[in-house]
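Following: one structure in structure tokens, then a few remarks.
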Amino acid sequence: MGGWRVLGQASGGWRRGLGIRATSTAAGFGTKARHQLQRRGASKPSDPPGDQPFPGLLRPGTFSREELVDVLRAAVVDRKGPLVTLNKPQGLPVTGKPGELTLLSVLPELSRSLGLGEQEVQVVRASGKEASGLVLLSSCPQTASRLQKFFTHSRRARKPTATYCAVTDGIPVTSEGKIQAALKLEHIDGVNLVVPVQSPSRKDIMEGVKRTLSHFRVVATGSGCALVQLQPLTVFPSQLQAHMALQLCPVLGDHTYSARVGTVLGQRFLLPVESTKPQRQVLDEALLGRLCLTASQAARLPLHLHLHCLRLPGARPRDPPIELLAPLPSYFSRTLQCLGLHYQ
């Protein structure tokens with residue numbers, strides 16, 4: 001599933017053949033990387049669900065710098081010229097505070113491990129800390145600059161370049177559409193949280209409120225959940241999680257924004273943001289049973305949001321675009337199997 005794909009045309013829109021199958025055995029984030037985790041206590045995907053419900057999951061704080069470099073080197077899904085593509089494990093931050101173990105902090109060692117010598121490698125595009133999926137690196141400043149301009153131009157033209165896969169607790173009312181919301185960041189109880197803003201004024205926009213937009217398409221449904229493709233057309237922290245919570249269908253494993261969705265007599269509604277604090281996602285007994293999880297295991301459920309596909313320009317202006325693809329993590333594939341979410 002990983003690697004490159006050349007498209008036949010340059011137009012935007014949904015790709016129907018992204019290679020997602022609940023019934024296939026998807027690699028976590030590269031077979032070698034999965035083995036690195038297994039040597040540190042992670043089980044194989046075929047182990048009983050109760051023993052290891054989240055196979056292939058990176059546990060923050062359990063890796064040395066050298067071990068993390070080994071995992072990232074094994075997570076390389078493709079190399080083309082100056083470009084290196086990784087399938088980042090969920091939970092690994094790209095940036096962080098000084099002294100924290102992040103992707104950026106180990107880039108020099110990773111570059112040497114990949115045989116790039118002292119060439120300066122920079123991050124061109126990456127999934128966020130809580131999401132898994134594609135990270136695009138470049139050892140050529142000119143190539144990195146060209147790609148950054150392409151992504152900026154695509155956003156301004158409302159052309160999607162990134163496609164995420166998500167499993168949601170709940171099924172969107174419509175099978176396809178767009179989500180528009182004005183969002184802002186607020187520091188609440190020591191945590192930066194995304195807060196929706198109703199009818200923002202010009203002053204609000206000047207003070208940091210941003211109008212955001214995402215496209216979504218429901219790929220499969222089952223057991224009260226959905227497999228959804230998401231394409232953000234704007235850039236804002238936790239945009240996709242916040243958008244799906246506003247749709248009353250929080251992403252599975254979202255232990256921040258799912259608390260904003262309440263249920264009374266089977267009907268979902270949004271709770272007031274000002275009175276809702278982040279908490280572990282609460283799943284009903286039927287869903288826990290389908291996932292073969294206890295309530296305590298569900299409290300550790302990883303965010304099921306994966307940057308699966310990136311669309312890049314061809315090498316020359318008239319060349320067709322290229323798609324970068326990253327396999328789903330093993331725990332993500334396991335969830336699809338448990339819920340009977342099949343994508344043909």
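Within each chain, counting starts at residue 1; across the structure tokens, chains are named A, B, ... in the order shown, with ligands numbered 1 upward in that order.
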
Please list as a PDB file with N, CA and C atoms, in the first residue's frame every residue within 12 Å of Leu339 of chain A, counting only C-alpha atoms and excluding residues in the same chain fewer than 6 positions away.
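Result written to result_31.pdb:
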```pdb
ATOM      1  N   ALA A  22     -10.402  -3.497   5.115  1.00  0.00           N
ATOM      2  CA  ALA A  22     -10.437  -3.975   6.489  1.00  0.00           C
ATOM      3  C   ALA A  22      -9.959  -5.404   6.590  1.00  0.00           C
ATOM      4  N   THR A  23     -10.080  -6.169   5.501  1.00  0.00           N
ATOM      5  CA  THR A  23      -9.754  -7.577   5.555  1.00  0.00           C
ATOM      6  C   THR A  23      -8.292  -7.862   5.240  1.00  0.00           C
ATOM      7  N   VAL A 167     -11.800   6.743  11.703  1.00  0.00           N
ATOM      8  CA  VAL A 167     -12.951   5.979  12.177  1.00  0.00           C
ATOM      9  C   VAL A 167     -13.672   6.869  13.169  1.00  0.00           C
ATOM     10  N   THR A 168     -14.985   7.030  12.987  1.00  0.00           N
ATOM     11  CA  THR A 168     -15.749   7.920  13.854  1.00  0.00           C
ATOM     12  C   THR A 168     -16.746   7.145  14.699  1.00  0.00           C
ATOM     13  N   ASP A 169     -16.946   7.621  15.914  1.00  0.00           N
ATOM     14  CA  ASP A 169     -17.994   7.098  16.786  1.00  0.00           C
ATOM     15  C   ASP A 169     -19.273   7.834  16.428  1.00  0.00           C
ATOM     16  N   ALA A 220     -17.557   3.694   4.541  1.00  0.00           N
ATOM     17  CA  ALA A 220     -18.255   2.495   4.998  1.00  0.00           C
ATOM     18  C   ALA A 220     -18.848   2.773   6.370  1.00  0.00           C
ATOM     19  N   THR A 221     -19.910   2.053   6.717  1.00  0.00           N
ATOM     20  CA  THR A 221     -20.534   2.198   8.022  1.00  0.00           C
ATOM     21  C   THR A 221     -20.810   0.823   8.619  1.00  0.00           C
ATOM     22  N   GLY A 222     -20.851   0.786   9.937  1.00  0.00           N
ATOM     23  CA  GLY A 222     -21.150  -0.457  10.626  1.00  0.00           C
ATOM     24  C   GLY A 222     -21.012  -0.290  12.115  1.00  0.00           C
ATOM     25  N   SER A 223     -21.889  -0.952  12.875  1.00  0.00           N
ATOM     26  CA  SER A 223     -21.836  -0.938  14.339  1.00  0.00           C
ATOM     27  C   SER A 223     -21.910   0.477  14.909  1.00  0.00           C
ATOM     28  N   GLY A 224     -22.626   1.364  14.215  1.00  0.00           N
ATOM     29  CA  GLY A 224     -22.753   2.732  14.698  1.00  0.00           C
ATOM     30  C   GLY A 224     -21.532   3.593  14.473  1.00  0.00           C
ATOM     31  N   CYS A 225     -20.596   3.094  13.694  1.00  0.00           N
ATOM     32  CA  CYS A 225     -19.360   3.838  13.394  1.00  0.00           C
ATOM     33  C   CYS A 225     -19.222   4.008  11.881  1.00  0.00           C
ATOM     34  N   ALA A 226     -18.263   4.820  11.491  1.00  0.00           N
ATOM     35  CA  ALA A 226     -18.036   5.054  10.066  1.00  0.00           C
ATOM     36  C   ALA A 226     -16.549   5.150   9.769  1.00  0.00           C
ATOM     37  N   LEU A 227     -16.182   4.681   8.598  1.00  0.00           N
ATOM     38  CA  LEU A 227     -14.854   4.926   8.036  1.00  0.00           C
ATOM     39  C   LEU A 227     -15.003   6.118   7.109  1.00  0.00           C
ATOM     40  N   LEU A 252     -12.749   8.203  16.707  1.00  0.00           N
ATOM     41  CA  LEU A 252     -12.486   7.176  17.705  1.00  0.00           C
ATOM     42  C   LEU A 252     -11.096   7.398  18.309  1.00  0.00           C
ATOM     43  N   ALA A 286     -22.102  -1.764  23.768  1.00  0.00           N
ATOM     44  CA  ALA A 286     -22.172  -2.516  22.515  1.00  0.00           C
ATOM     45  C   ALA A 286     -20.915  -2.305  21.678  1.00  0.00           C
ATOM     46  N   LEU A 287     -20.442  -1.056  21.615  1.00  0.00           N
ATOM     47  CA  LEU A 287     -19.244  -0.764  20.831  1.00  0.00           C
ATOM     48  C   LEU A 287     -18.014  -1.366  21.494  1.00  0.00           C
ATOM     49  N   LEU A 288     -17.925  -1.281  22.803  1.00  0.00           N
ATOM     50  CA  LEU A 288     -16.814  -1.921  23.508  1.00  0.00           C
ATOM     51  C   LEU A 288     -16.773  -3.417  23.202  1.00  0.00           C
ATOM     52  N   GLY A 289     -17.957  -4.023  23.160  1.00  0.00           N
ATOM     53  CA  GLY A 289     -18.016  -5.449  22.854  1.00  0.00           C
ATOM     54  C   GLY A 289     -17.536  -5.762  21.455  1.00  0.00           C
ATOM     55  N   ARG A 290     -17.931  -4.943  20.472  1.00  0.00           N
ATOM     56  CA  ARG A 290     -17.472  -5.170  19.096  1.00  0.00           C
ATOM     57  C   ARG A 290     -15.977  -4.990  18.965  1.00  0.00           C
ATOM     58  N   LEU A 291     -15.426  -4.055  19.735  1.00  0.00           N
ATOM     59  CA  LEU A 291     -13.986  -3.794  19.683  1.00  0.00           C
ATOM     60  C   LEU A 291     -13.193  -4.751  20.573  1.00  0.00           C
ATOM     61  N   CYS A 292     -13.900  -5.577  21.341  1.00  0.00           N
ATOM     62  CA  CYS A 292     -13.246  -6.509  22.270  1.00  0.00           C
ATOM     63  C   CYS A 292     -12.364  -5.768  23.266  1.00  0.00           C
ATOM     64  N   PHE A 332      -5.390   0.260  13.663  1.00  0.00           N
ATOM     65  CA  PHE A 332      -6.449   0.846  12.850  1.00  0.00           C
ATOM     66  C   PHE A 332      -7.125  -0.263  12.030  1.00  0.00           C
ATOM     67  N   SER A 333      -6.309  -1.110  11.400  1.00  0.00           N
ATOM     68  CA  SER A 333      -6.850  -2.213  10.610  1.00  0.00           C
ATOM     69  C   SER A 333      -7.629  -3.183  11.490  1.00  0.00           C
TER      70      SER A 333
END
```

What's around Glu176 of chain A at 7 Å? Count only C-alpha atoms, leave out sequence neighbours fewer than 3 positions away in its own chain, and write the answer as an mmCIF file with C-alpha atoms, in the first residue's frame.
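Produced file out_28.cif, reproduced below:
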```
data_model
loop_
_atom_site.group_PDB
_atom_site.id
_atom_site.type_symbol
_atom_site.label_atom_id
_atom_site.label_comp_id
_atom_site.auth_asym_id
_atom_site.auth_seq_id
_atom_site.Cartn_x
_atom_site.Cartn_y
_atom_site.Cartn_z
ATOM 1 C CA PHE A 216 -15.582 14.524 4.137
ATOM 2 C CA ARG A 217 -16.809 11.342 2.477
ATOM 3 C CA VAL A 218 -18.217 8.304 4.263
#
```

Fewer than 3 positions away in the same chain doesn't count, so skip those; otherwise give me all residues within 8 Å of His308 of chain A, counting only C-alpha atoms, as number ranges by chain. A: 133-134, 162-165, 325-328

Next, dump the selected residues to file, keeping only N, CA, C and O atoms, as a PDB file, in the first residue's frame.
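Result file result-v2.pdb:
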```pdb
ATOM      1  N   GLY A 133       0.670   8.616  10.138  1.00  0.00           N
ATOM      2  CA  GLY A 133       0.670   8.779   8.695  1.00  0.00           C
ATOM      3  C   GLY A 133       1.856   9.495   8.111  1.00  0.00           C
ATOM      4  O   GLY A 133       2.917   9.611   8.731  1.00  0.00           O
ATOM      5  N   LEU A 134       1.663  10.011   6.916  1.00  0.00           N
ATOM      6  CA  LEU A 134       2.756  10.478   6.075  1.00  0.00           C
ATOM      7  C   LEU A 134       3.517  11.669   6.651  1.00  0.00           C
ATOM      8  O   LEU A 134       2.924  12.605   7.181  1.00  0.00           O
ATOM      9  N   ALA A 162      -4.159  16.593   0.768  1.00  0.00           N
ATOM     10  CA  ALA A 162      -3.999  15.573   1.808  1.00  0.00           C
ATOM     11  C   ALA A 162      -5.322  14.873   2.055  1.00  0.00           C
ATOM     12  O   ALA A 162      -6.378  15.518   2.138  1.00  0.00           O
ATOM     13  N   THR A 163      -5.275  13.555   2.163  1.00  0.00           N
ATOM     14  CA  THR A 163      -6.464  12.770   2.492  1.00  0.00           C
ATOM     15  C   THR A 163      -6.175  11.930   3.728  1.00  0.00           C
ATOM     16  O   THR A 163      -5.223  11.150   3.747  1.00  0.00           O
ATOM     17  N   TYR A 164      -6.996  12.139   4.751  1.00  0.00           N
ATOM     18  CA  TYR A 164      -6.901  11.372   5.988  1.00  0.00           C
ATOM     19  C   TYR A 164      -7.974  10.300   6.015  1.00  0.00           C
ATOM     20  O   TYR A 164      -9.053  10.460   5.431  1.00  0.00           O
ATOM     21  N   CYS A 165      -7.682   9.214   6.695  1.00  0.00           N
ATOM     22  CA  CYS A 165      -8.683   8.204   7.011  1.00  0.00           C
ATOM     23  C   CYS A 165      -8.995   8.305   8.496  1.00  0.00           C
ATOM     24  O   CYS A 165      -8.081   8.450   9.317  1.00  0.00           O
ATOM     25  N   LEU A 325       1.399   7.246  -0.695  1.00  0.00           N
ATOM     26  CA  LEU A 325       0.475   6.467   0.110  1.00  0.00           C
ATOM     27  C   LEU A 325       1.179   5.856   1.309  1.00  0.00           C
ATOM     28  O   LEU A 325       2.345   5.455   1.210  1.00  0.00           O
ATOM     29  N   ALA A 326       0.493   5.784   2.430  1.00  0.00           N
ATOM     30  CA  ALA A 326       1.032   5.162   3.640  1.00  0.00           C
ATOM     31  C   ALA A 326       0.038   4.142   4.173  1.00  0.00           C
ATOM     32  O   ALA A 326      -1.158   4.442   4.286  1.00  0.00           O
ATOM     33  N   PRO A 327       0.495   2.943   4.512  1.00  0.00           N
ATOM     34  CA  PRO A 327      -0.417   1.913   5.049  1.00  0.00           C
ATOM     35  C   PRO A 327      -1.037   2.351   6.372  1.00  0.00           C
ATOM     36  O   PRO A 327      -0.491   3.172   7.104  1.00  0.00           O
ATOM     37  N   LEU A 328      -2.194   1.774   6.670  1.00  0.00           N
ATOM     38  CA  LEU A 328      -2.840   2.021   7.954  1.00  0.00           C
ATOM     39  C   LEU A 328      -2.058   1.335   9.069  1.00  0.00           C
ATOM     40  O   LEU A 328      -1.489   0.265   8.866  1.00  0.00           O
TER      41      LEU A 328
END
```

Counting only C-alpha atoms, the residue of A:Pro82, A:Gly99, A:Pro278, A:Gly91 that sits nearest Leu114 of chain A: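 Answer, going by the shortest atom-to-atom distance: A:Pro82.
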
Enumerate the residues of segment 238-296 of chain A with a DSSP assignment of helix (DSSP H, G or I), computed from the backbone, and present them as a PyMOL selection string. chain A and resi 239-246+258-260+273-275+285-291+295-296

Check the smallest atom-to-atom distance from each of A:Ala144, A:Ala298, A:Val124, A:Leu305 to Leu283 of chain A using only C-alpha atoms, then report the winner. A:Ala298

Using only C-alpha atoms, the residue out of A:Arg79, A:Arg125, A:His215, A:Arg268 with shortest distance to Leu307 of chain A is A:Arg125

Distance in Å - atom CA of Leu248 of chain A versus atom CA of Leu271 of chain A: 10.3 Å

Using only C-alpha atoms, determine which residues lie at most 9 Å from Ala242 of chain A, disregarding the query and same-chain residues fewer than 5 positions distant; provide the list as a list in words.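 These residues fall inside the cut-off: Leu183, Val194, Val195, Pro196, Gln247, Pro250, Tyr257 and Ser258 of chain A.
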
Leaving out Pro272 of chain A and any residue of its chain fewer than 3 positions from it, which residues lie within 12 Å of it when counting only C-alpha atoms, given as an MDAnalysis selection string? chainID A and resid 195:197 246 257 259:262 269 275:277

Could you save the residues just selected, with N, CA and C atoms, as a PDB file, in the first residue's frame?
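And here's selection-v8.pdb as it stands now:
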```pdb
ATOM      1  N   VAL A 195     -11.651  26.021  19.994  1.00  0.00           N
ATOM      2  CA  VAL A 195     -13.000  26.415  20.377  1.00  0.00           C
ATOM      3  C   VAL A 195     -13.712  26.989  19.157  1.00  0.00           C
ATOM      4  N   PRO A 196     -14.926  26.520  18.854  1.00  0.00           N
ATOM      5  CA  PRO A 196     -15.680  27.101  17.737  1.00  0.00           C
ATOM      6  C   PRO A 196     -16.232  28.477  18.096  1.00  0.00           C
ATOM      7  N   VAL A 197     -16.322  29.334  17.088  1.00  0.00           N
ATOM      8  CA  VAL A 197     -16.827  30.702  17.283  1.00  0.00           C
ATOM      9  C   VAL A 197     -18.011  30.912  16.356  1.00  0.00           C
ATOM     10  N   LEU A 246     -18.066  18.572  15.867  1.00  0.00           N
ATOM     11  CA  LEU A 246     -19.185  19.443  15.505  1.00  0.00           C
ATOM     12  C   LEU A 246     -20.244  18.691  14.690  1.00  0.00           C
ATOM     13  N   TYR A 257     -11.854  16.186  22.331  1.00  0.00           N
ATOM     14  CA  TYR A 257     -13.048  16.878  21.841  1.00  0.00           C
ATOM     15  C   TYR A 257     -14.305  16.013  21.849  1.00  0.00           C
ATOM     16  N   ALA A 259     -15.698  14.772  24.340  1.00  0.00           N
ATOM     17  CA  ALA A 259     -16.503  15.119  25.520  1.00  0.00           C
ATOM     18  C   ALA A 259     -17.530  16.203  25.219  1.00  0.00           C
ATOM     19  N   ARG A 260     -17.380  16.888  24.089  1.00  0.00           N
ATOM     20  CA  ARG A 260     -18.334  17.943  23.728  1.00  0.00           C
ATOM     21  C   ARG A 260     -19.628  17.393  23.132  1.00  0.00           C
ATOM     22  N   VAL A 261     -19.670  16.085  22.911  1.00  0.00           N
ATOM     23  CA  VAL A 261     -20.861  15.461  22.337  1.00  0.00           C
ATOM     24  C   VAL A 261     -21.602  14.711  23.445  1.00  0.00           C
ATOM     25  N   GLY A 262     -22.834  15.133  23.729  1.00  0.00           N
ATOM     26  CA  GLY A 262     -23.653  14.470  24.728  1.00  0.00           C
ATOM     27  C   GLY A 262     -24.736  13.623  24.076  1.00  0.00           C
ATOM     28  N   PHE A 269     -26.145  15.615  20.889  1.00  0.00           N
ATOM     29  CA  PHE A 269     -26.202  17.075  20.831  1.00  0.00           C
ATOM     30  C   PHE A 269     -24.864  17.615  21.321  1.00  0.00           C
ATOM     31  N   SER A 275     -18.371  24.746  29.455  1.00  0.00           N
ATOM     32  CA  SER A 275     -18.606  23.890  30.619  1.00  0.00           C
ATOM     33  C   SER A 275     -18.167  22.449  30.385  1.00  0.00           C
ATOM     34  N   THR A 276     -17.427  22.224  29.296  1.00  0.00           N
ATOM     35  CA  THR A 276     -17.010  20.866  28.956  1.00  0.00           C
ATOM     36  C   THR A 276     -15.488  20.775  28.962  1.00  0.00           C
ATOM     37  N   LYS A 277     -14.963  19.951  29.850  1.00  0.00           N
ATOM     38  CA  LYS A 277     -13.519  19.747  29.927  1.00  0.00           C
ATOM     39  C   LYS A 277     -13.139  18.463  29.193  1.00  0.00           C
TER      40      LYS A 277
END
```

Residues at most 9 Å from Leu104 of chain A, counting only C-alpha atoms, excluding those fewer than 4 positions away in the same chain, as a PyMOL selection string? chain A and resi 93-96+108+122-123
